[in-house]
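A.B. asks: Compact mmCIF, C-alpha atoms, file start16.txt:
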# COMPACT_ATOMS: atom_id res chain seq x y z
CA MET V 1 -40.42 81.89 -21.94
CA SER V 2 -37.65 79.71 -23.34
CA GLY V 3 -38.16 78.53 -26.91
CA CYS V 4 -35.85 75.53 -26.38
CA ALA V 5 -37.40 74.19 -23.18
CA THR V 6 -36.98 70.50 -22.49
CA THR V 7 -39.18 68.11 -20.55
CA HIS V 8 -37.91 66.63 -17.29
CA SER V 9 -39.61 63.70 -15.59
CA GLY V 10 -39.50 62.21 -12.13
CA ARG V 11 -41.28 60.14 -9.53
CA VAL V 12 -42.31 61.15 -6.00
CA ALA V 13 -43.07 58.72 -3.15
CA MET V 14 -46.57 58.91 -1.68
CA MET V 15 -48.13 57.84 1.58
CA GLY V 16 -48.80 54.09 1.71
CA GLY V 17 -45.89 53.10 -0.50
CA GLY V 18 -47.18 54.45 -3.82
CA SER V 19 -45.60 56.96 -6.15
CA LEU V 20 -46.63 59.61 -8.65
CA TYR V 21 -45.00 60.06 -12.04
CA TYR V 22 -44.74 63.64 -13.25
CA GLU V 23 -43.22 65.72 -16.03
CA GLU V 24 -42.30 69.38 -16.06
CA ARG V 25 -41.29 71.90 -18.68
CA GLY V 26 -40.69 75.65 -18.80
CA LYS V 27 -40.04 78.40 -16.28
CA GLY V 28 -42.10 80.92 -14.36
CA GLU V 29 -45.02 80.51 -11.99
CA PRO V 30 -45.94 76.83 -11.51
CA LEU V 31 -49.04 75.50 -13.27
CA LEU V 32 -50.29 71.97 -12.59
CA LEU V 33 -52.41 70.03 -15.11
CA LEU V 34 -54.75 67.38 -13.65
CA HIS V 35 -56.10 64.73 -16.06
CA GLY V 36 -59.42 62.93 -16.37
CA HIS V 37 -60.53 59.41 -15.46
CA SER V 38 -59.20 56.57 -17.68
CA LEU V 39 -56.63 58.99 -19.13
CA ASP V 40 -53.17 60.22 -18.11
CA GLY V 41 -50.89 63.22 -18.50
CA HIS V 42 -50.80 62.77 -22.28
CA MET V 43 -54.28 64.27 -22.53
CA TRP V 44 -52.51 67.63 -22.11
CA ASP V 45 -50.24 67.20 -25.15
CA GLU V 46 -51.76 70.21 -26.91
CA GLN V 47 -51.28 72.38 -23.84
CA TRP V 48 -47.77 71.15 -23.11
CA LYS V 49 -45.61 73.32 -25.36
CA PRO V 50 -47.91 76.37 -25.66
CA LEU V 51 -48.40 76.83 -21.91
CA SER V 52 -44.79 75.97 -21.02
CA ARG V 53 -43.76 79.17 -22.82
CA HIS V 54 -45.39 81.06 -19.96
CA PHE V 55 -45.20 78.79 -16.89
CA ARG V 56 -43.28 76.11 -15.07
CA LEU V 57 -45.72 73.53 -16.36
CA ILE V 58 -46.23 70.23 -14.53
CA ARG V 59 -48.42 67.32 -15.54
CA LEU V 60 -48.82 64.18 -13.48
CA ASP V 61 -50.44 60.77 -13.62
CA PHE V 62 -52.77 60.19 -10.68
CA ARG V 63 -52.27 57.07 -8.62
CA GLY V 64 -53.92 54.24 -10.53
CA TYR V 65 -53.32 55.83 -13.94
CA GLY V 66 -50.53 56.12 -16.48
CA ARG V 67 -47.04 55.59 -15.11
CA SER V 68 -47.90 56.13 -11.45
CA SER V 69 -48.36 53.25 -8.99
CA GLU V 70 -51.63 51.33 -8.80
CA GLN V 71 -54.44 51.97 -6.34
CA ARG V 72 -55.35 49.64 -3.49
CA GLU V 73 -58.70 48.73 -2.00
CA ASP V 74 -57.24 48.71 1.51
CA LEU V 75 -55.55 52.14 1.52
CA GLN V 76 -57.58 55.30 2.09
CA PHE V 77 -56.05 58.28 0.30
CA CYS V 78 -57.37 61.22 -1.70
CA HIS V 79 -55.93 62.39 -5.00
CA VAL V 80 -55.71 65.99 -3.83
CA ASP V 81 -53.46 65.00 -0.91
CA ASP V 82 -51.14 63.30 -3.41
CA VAL V 83 -51.04 66.54 -5.43
CA VAL V 84 -50.07 68.51 -2.31
CA THR V 85 -47.34 65.95 -1.53
CA LEU V 86 -46.03 66.37 -5.07
CA MET V 87 -46.03 70.16 -4.67
CA ASP V 88 -44.15 69.87 -1.38
CA SER V 89 -41.56 67.58 -2.98
CA LEU V 90 -41.05 70.06 -5.82
CA ARG V 91 -40.85 72.96 -3.35
CA ILE V 92 -43.95 74.61 -4.76
CA GLN V 93 -45.82 76.64 -2.18
CA ARG V 94 -48.60 77.90 -4.47
CA ALA V 95 -49.56 77.05 -8.04
CA HIS V 96 -52.09 77.64 -10.75
CA VAL V 97 -54.11 74.42 -10.97
CA VAL V 98 -56.08 73.35 -14.03
CA GLY V 99 -58.20 70.20 -13.84
CA LEU V 100 -60.61 68.65 -16.33
CA SER V 101 -63.37 66.16 -15.49
CA MET V 102 -61.88 63.93 -12.74
CA GLY V 103 -59.02 66.42 -12.59
CA ALA V 104 -61.62 69.12 -11.86
CA PHE V 105 -62.94 67.01 -8.96
CA VAL V 106 -59.40 67.13 -7.56
CA ALA V 107 -58.93 70.83 -8.30
CA GLY V 108 -62.28 71.47 -6.60
CA ASP V 109 -61.12 69.53 -3.54
CA MET V 110 -58.03 71.72 -3.51
CA LEU V 111 -60.13 74.89 -3.64
CA ALA V 112 -62.07 73.71 -0.58
CA MET V 113 -59.37 71.97 1.45
CA TYR V 114 -56.12 73.73 0.46
CA PRO V 115 -56.97 77.22 -0.89
CA GLU V 116 -53.72 78.58 0.53
CA ARG V 117 -51.81 76.42 -2.01
CA LEU V 118 -53.55 77.98 -5.02
CA LEU V 119 -52.67 80.98 -7.15
CA THR V 120 -55.70 80.32 -9.36
CA CYS V 121 -58.05 77.36 -9.85
CA THR V 122 -59.54 76.29 -13.19
CA LEU V 123 -62.39 73.76 -13.17
CA ALA V 124 -63.05 72.39 -16.67
CA SER V 125 -65.97 70.01 -17.31
CA GLY V 126 -66.38 69.35 -13.60
CA GLY V 127 -65.99 70.65 -10.08
CA ILE V 128 -66.42 69.58 -6.47
CA ARG V 129 -68.26 66.25 -6.39
CA SER V 130 -71.49 65.70 -4.50
CA SER V 131 -70.42 62.14 -3.60
CA LYS V 132 -69.56 60.82 -0.14
CA GLY V 133 -66.12 61.75 1.16
CA PRO V 134 -63.66 59.96 3.48
CA SER V 135 -65.81 60.78 6.52
CA GLU V 136 -68.38 58.25 5.22
CA PRO V 137 -66.59 54.97 4.43
CA MET V 138 -68.26 52.32 2.29
CA ASP V 139 -70.92 50.39 4.17
CA SER V 140 -72.21 46.85 3.52
CA ALA V 141 -75.04 48.02 1.25
CA GLU V 142 -72.72 50.03 -0.97
CA SER V 143 -70.22 47.16 -1.00
CA ALA V 144 -72.91 44.74 -2.17
CA LYS V 145 -74.00 47.20 -4.87
CA ARG V 146 -70.43 47.45 -6.12
CA ASP V 147 -70.16 43.65 -6.21
CA SER V 148 -73.17 43.59 -8.55
CA GLU V 149 -71.80 46.37 -10.76
CA ILE V 150 -68.41 44.67 -11.02
CA ALA V 151 -70.07 41.36 -11.95
CA VAL V 152 -71.95 43.06 -14.79
CA LEU V 153 -68.74 44.66 -16.07
CA LYS V 154 -66.83 41.37 -15.91
CA ALA V 155 -69.56 39.72 -17.95
CA LYS V 156 -69.32 42.49 -20.53
CA GLY V 157 -65.54 42.31 -20.69
CA VAL V 158 -62.90 45.01 -20.48
CA ASP V 159 -62.59 45.50 -24.24
CA GLN V 160 -66.30 46.18 -24.70
CA MET V 161 -66.34 48.43 -21.64
CA LYS V 162 -63.45 50.49 -23.01
CA SER V 163 -65.03 50.73 -26.46
CA GLU V 164 -68.28 52.06 -24.98
CA TRP V 165 -66.40 54.51 -22.77
CA ILE V 166 -64.51 55.95 -25.74
CA GLU V 167 -67.79 56.54 -27.57
CA GLN V 168 -69.27 58.14 -24.46
CA LEU V 169 -66.39 60.62 -24.23
CA MET V 170 -66.74 61.36 -27.94
CA SER V 171 -70.52 61.70 -27.89
CA SER V 172 -70.86 65.31 -26.70
CA GLY V 173 -68.23 66.59 -29.10
CA GLY V 174 -68.89 69.09 -31.86
CA SER V 175 -67.62 69.49 -35.39
CA HIS V 176 -63.97 68.99 -34.36
CA ARG V 177 -64.48 65.91 -32.22
CA GLU V 178 -62.82 63.36 -34.54
CA ARG V 179 -59.44 65.03 -33.96
CA MET V 180 -59.41 63.56 -30.45
CA ARG V 181 -60.49 60.00 -31.24
CA LYS V 182 -56.97 58.62 -31.81
CA PRO V 183 -55.31 60.07 -28.67
CA LEU V 184 -58.32 59.18 -26.50
CA THR V 185 -58.27 55.63 -27.84
CA GLN V 186 -54.53 55.27 -27.26
CA MET V 187 -54.78 56.41 -23.64
CA ILE V 188 -57.84 54.31 -22.82
CA GLN V 189 -56.39 51.19 -24.44
CA ALA V 190 -53.22 51.68 -22.35
CA TRP V 191 -55.27 52.27 -19.15
CA SER V 192 -55.18 49.37 -16.67
CA ALA V 193 -58.96 49.69 -16.07
CA TRP V 194 -58.40 48.85 -12.39
CA GLN V 195 -61.02 51.30 -11.12
CA PRO V 196 -64.23 49.89 -12.67
CA PHE V 197 -63.39 46.38 -11.47
CA HIS V 198 -62.50 47.20 -7.85
CA LYS V 199 -64.00 48.84 -4.78
CA GLU V 200 -62.31 52.20 -4.67
CA VAL V 201 -61.82 54.09 -1.45
CA ARG V 202 -63.03 57.71 -1.20
CA LEU V 203 -60.58 59.35 -3.59
CA PHE V 204 -62.32 62.75 -3.50
CA TYR V 205 -63.41 64.81 -0.52
CA GLY V 206 -66.73 65.49 -2.26
CA LYS V 207 -69.42 66.28 0.32
CA ASP V 208 -66.70 66.81 2.92
CA ALA V 209 -65.18 69.45 0.61
CA TRP V 210 -68.53 71.20 0.15
CA ALA V 211 -69.01 71.30 3.92
CA HIS V 212 -65.51 72.68 4.38
CA LEU V 213 -66.03 75.34 1.70
CA LYS V 214 -69.36 76.45 3.13
CA GLN V 215 -67.81 76.70 6.57
CA ARG V 216 -64.95 78.83 5.23
CA GLY V 217 -67.25 81.18 3.36
CA GLN V 218 -65.58 82.86 0.40
CA VAL V 219 -62.03 81.89 -0.50
CA ASP V 220 -59.51 84.40 -1.78
CA VAL V 221 -58.70 82.42 -4.92
CA PRO V 222 -59.56 83.42 -8.50
CA VAL V 223 -61.65 80.63 -10.03
CA LEU V 224 -62.38 79.91 -13.69
CA CYS V 225 -65.06 77.41 -14.70
CA ILE V 226 -64.96 76.26 -18.34
CA ARG V 227 -67.64 74.18 -20.01
CA GLY V 228 -68.33 72.93 -23.52
CA ALA V 229 -71.61 74.30 -24.89
CA ASN V 230 -72.74 70.89 -26.19
CA GLU V 231 -72.54 69.33 -22.75
CA LEU V 232 -74.48 72.17 -21.14
CA LYS V 233 -77.40 71.68 -23.58
CA GLY V 234 -78.45 75.32 -23.27
CA LYS V 235 -78.37 75.41 -19.46
CA HIS V 236 -75.72 78.04 -18.80
CA SER V 237 -76.31 78.58 -15.05
CA ARG V 238 -73.21 79.63 -13.13
CA PRO V 239 -71.41 76.74 -11.41
CA ALA V 240 -72.05 76.58 -7.65
CA GLU V 241 -68.32 76.85 -6.82
CA LEU V 242 -68.33 80.47 -8.03
CA LYS V 243 -70.58 81.46 -5.12
CA TYR V 244 -67.59 80.98 -2.82
CA THR V 245 -65.11 83.36 -4.46
CA LYS V 246 -65.24 87.09 -5.08
CA ASN V 247 -63.22 86.53 -8.23
CA GLY V 248 -65.11 83.96 -10.28
CA HIS V 249 -65.29 83.62 -14.06
CA PHE V 250 -67.40 81.38 -16.31
CA VAL V 251 -66.43 80.60 -19.93
CA VAL V 252 -68.42 78.49 -22.37
CA ILE V 253 -66.63 77.17 -25.46
CA GLU V 254 -69.04 76.79 -28.37
CA ASP V 255 -69.32 73.72 -30.63
CA CYS V 256 -67.52 71.61 -28.05
CA GLY V 257 -68.18 68.83 -25.56
CA HIS V 258 -66.64 67.28 -22.46
CA MET V 259 -63.00 66.90 -23.56
CA LEU V 260 -62.69 70.53 -24.54
CA ASN V 261 -58.91 70.83 -24.10
CA MET V 262 -58.43 68.12 -26.74
CA GLU V 263 -61.32 69.11 -29.00
CA ARG V 264 -60.76 72.88 -28.99
CA PRO V 265 -57.16 73.31 -27.74
CA ASN V 266 -56.61 76.82 -29.13
CA GLU V 267 -59.74 78.18 -27.48
CA PHE V 268 -58.97 76.31 -24.26
CA ASN V 269 -55.37 77.56 -24.09
CA ARG V 270 -56.45 81.10 -24.82
CA SER V 271 -59.07 80.97 -22.06
CA ILE V 272 -56.48 79.79 -19.53
CA LEU V 273 -53.94 82.45 -20.49
CA GLU V 274 -56.47 85.28 -20.54
CA PHE V 275 -57.82 84.28 -17.14
CA ILE V 276 -54.44 83.98 -15.43
CA ASN V 277 -53.02 87.10 -17.07
CA SER V 278 -56.01 89.12 -15.89
CA GLN V 279 -55.22 88.41 -12.23
CA LYS V 280 -53.13 90.52 -9.89
CA TYR V 281 -51.66 88.89 -6.82
Rewrite the structure of this file - the entire thing - as structure tokens.
C.D. replies:
Amino acid sequence: MSGCATTHSGRVAMMGGGSLYYEERGKGEPLLLLHGHSLDGHMWDEQWKPLSRHFRLIRLDFRGYGRSSEQREDLQFCHVDDVVTLMDSLRIQRAHVVGLSMGAFVAGDMLAMYPERLLTCTLASGGIRSSKGPSEPMDSAESAKRDSEIAVLKAKGVDQMKSEWIEQLMSSGGSHRERMRKPLTQMIQAWSAWQPFHKEVRLFYGKDAWAHLKQRGQVDVPVLCIRGANELKGKHSRPAELKYTKNGHFVVIEDCGHMLNMERPNEFNRSILEFINSQKY
């Protein structure tokens, strides 16, 4: 909308004494951008100005990432509930939500648990997890397994772990993948790496969300699933989440891997705009 939009930032208090850092830019219908694991709101840099010409664009750092407060092993919370608290604080009743990878886990939780807060839902490189939710806390066997995993990581060292993780995120990329190496590296080097070295609580509703969605039946929310062709490896079956909406869309971006918004930003941005603009509320 406005060609001279400026970015405003703020911080919102969360349950348990934490806080979320967020930035917003532009005017119009609200659109929230939800980042991936080990990253932060900067992963949306190539969406920031283009999409803010059309929306009130908001990007946030999840608790435990970027400029938001750290996580705690002794506090059960879910990322999606933090997002809803942020929306309430910003007086946003409904929003377009776009999540990638871990952000898509959160957007998927929102589709299942809070569909009334969504205008549209975009799940990029991910969706509702099949992992245990808050209804199944960590038991002694899982705790012992995590102790072993953490010991292995500590022996490896955080620098080596981060280096391997960067290469893993790069590995599915196509011919344009090197364009994202520098920003990915900057974000991951700045990341506290708290999560791999601690016993996280159930941050996603996961199986609880699937149960909730199946109980609801179809939700009245337009859903877009976007995947990179390289990551699909020829298996283009429709994502399971689309069974639960009458208005589901599936887009595959060619010559692209997991971090498709950074690797193919023009195609990604166009897919988002075409999807949202095709909807009537």
A.B. asks: Which is closest to V:Ile272 among V:His8, V:Arg181, V:Arg117, V:His54, if we use only C-alpha atoms?
C.D. replies: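 Of V:His8, V:Arg181, V:Arg117, V:His54, the one nearest V:Ile272 is V:His54, counting only C-alpha atoms.
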A.B. asks: Taking into account all atoms listed in the file, which residue in the set V:Glu274, V:Leu31, V:Tyr21, V:Met87 is nearest to V:Phe62?
C.D. replies: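 Smallest distance to V:Phe62 is found for V:Tyr21.
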A.B. asks: Which distance in Å separates atom CA of V:Ile253 and atom CA of V:Ser131, to one decimal?
C.D. replies: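 The value is 26.8 Å.
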A.B. asks: List as a compact mmCIF listing (two decimals) with C-alpha atoms, keeping the file's coordinate frame the residues having at least one atom at most 12 Å from position (-61.1, 64.7, -31.9) as given in the file, counting all atoms listed in the file.
C.D. replies:
# COMPACT_ATOMS: atom_id res chain seq x y z
CA MET V 43 -54.28 64.27 -22.53
CA GLU V 46 -51.76 70.21 -26.91
CA ILE V 166 -64.51 55.95 -25.74
CA GLU V 167 -67.79 56.54 -27.57
CA LEU V 169 -66.39 60.62 -24.23
CA MET V 170 -66.74 61.36 -27.94
CA SER V 171 -70.52 61.70 -27.89
CA SER V 172 -70.86 65.31 -26.70
CA GLY V 173 -68.23 66.59 -29.10
CA GLY V 174 -68.89 69.09 -31.86
CA SER V 175 -67.62 69.49 -35.39
CA HIS V 176 -63.97 68.99 -34.36
CA ARG V 177 -64.48 65.91 -32.22
CA GLU V 178 -62.82 63.36 -34.54
CA ARG V 179 -59.44 65.03 -33.96
CA MET V 180 -59.41 63.56 -30.45
CA ARG V 181 -60.49 60.00 -31.24
CA LYS V 182 -56.97 58.62 -31.81
CA PRO V 183 -55.31 60.07 -28.67
CA LEU V 184 -58.32 59.18 -26.50
CA THR V 185 -58.27 55.63 -27.84
CA CYS V 256 -67.52 71.61 -28.05
CA GLY V 257 -68.18 68.83 -25.56
CA HIS V 258 -66.64 67.28 -22.46
CA MET V 259 -63.00 66.90 -23.56
CA LEU V 260 -62.69 70.53 -24.54
CA ASN V 261 -58.91 70.83 -24.10
CA MET V 262 -58.43 68.12 -26.74
CA GLU V 263 -61.32 69.11 -29.00
CA ARG V 264 -60.76 72.88 -28.99
CA PRO V 265 -57.16 73.31 -27.74
A.B. asks: Using all atoms listed in the file, which of V:Glu142, V:Met102, V:Gly126, V:Ser192 sits nearest V:Ser69?
C.D. replies: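 For V:Ser69, the nearest of the candidates is V:Ser192.
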A.B. asks: Using only C-alpha atoms, find each residue in stretch 75-168 of chain V having at least one atom no more than 6 Å away from stretch 215-228 of chain V; report its shortest atom-to-atom pair and that distance in Å (one decimal), rows by chain then rising number, as a Markdown table.
C.D. replies:
| residue | atom | partner | partner_atom | distance |
| --- | --- | --- | --- | --- |
| V:Thr120 | CA | V:Pro222 | CA | 5.0 |
| V:Cys121 | CA | V:Val223 | CA | 4.9 |
| V:Thr122 | CA | V:Leu224 | CA | 4.6 |
| V:Leu123 | CA | V:Cys225 | CA | 4.8 |
| V:Ala124 | CA | V:Ile226 | CA | 4.6 |
| V:Ser125 | CA | V:Arg227 | CA | 5.2 |
A.B. asks: Give me, as a PyMOL selection string, all polymer residues having an atom no more than 10 Å from V:Glu70, counting all atoms listed in the file and skipping those fewer than 2 positions away in the same chain.
C.D. replies: chain V and resi 18-20+62-68+72+192+194-195
A.B. asks: Please write as a ChimeraX atom specification the list of polymer residues whose atoms come within 12 Å of (-41.1, 76.3, -24.2), counting only C-alpha atoms and keeping to the coordinates of the file.
C.D. replies: /V:1-7,24-28,47-57
A.B. asks: As an exercise, work out the distance from atom CA of V:Phe197 to atom CA of V:Val158 in Å and give it to one decimal place.
C.D. replies: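 Calculated distance between atom CA of V:Phe197 and atom CA of V:Val158 is 9.1 Å.
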A.B. asks: Smallest atom-to-atom distance to V:Leu232: which of V:Val252, V:Leu213, V:Val80, V:Val152, using all atoms listed in the file?
C.D. replies: V:Val252
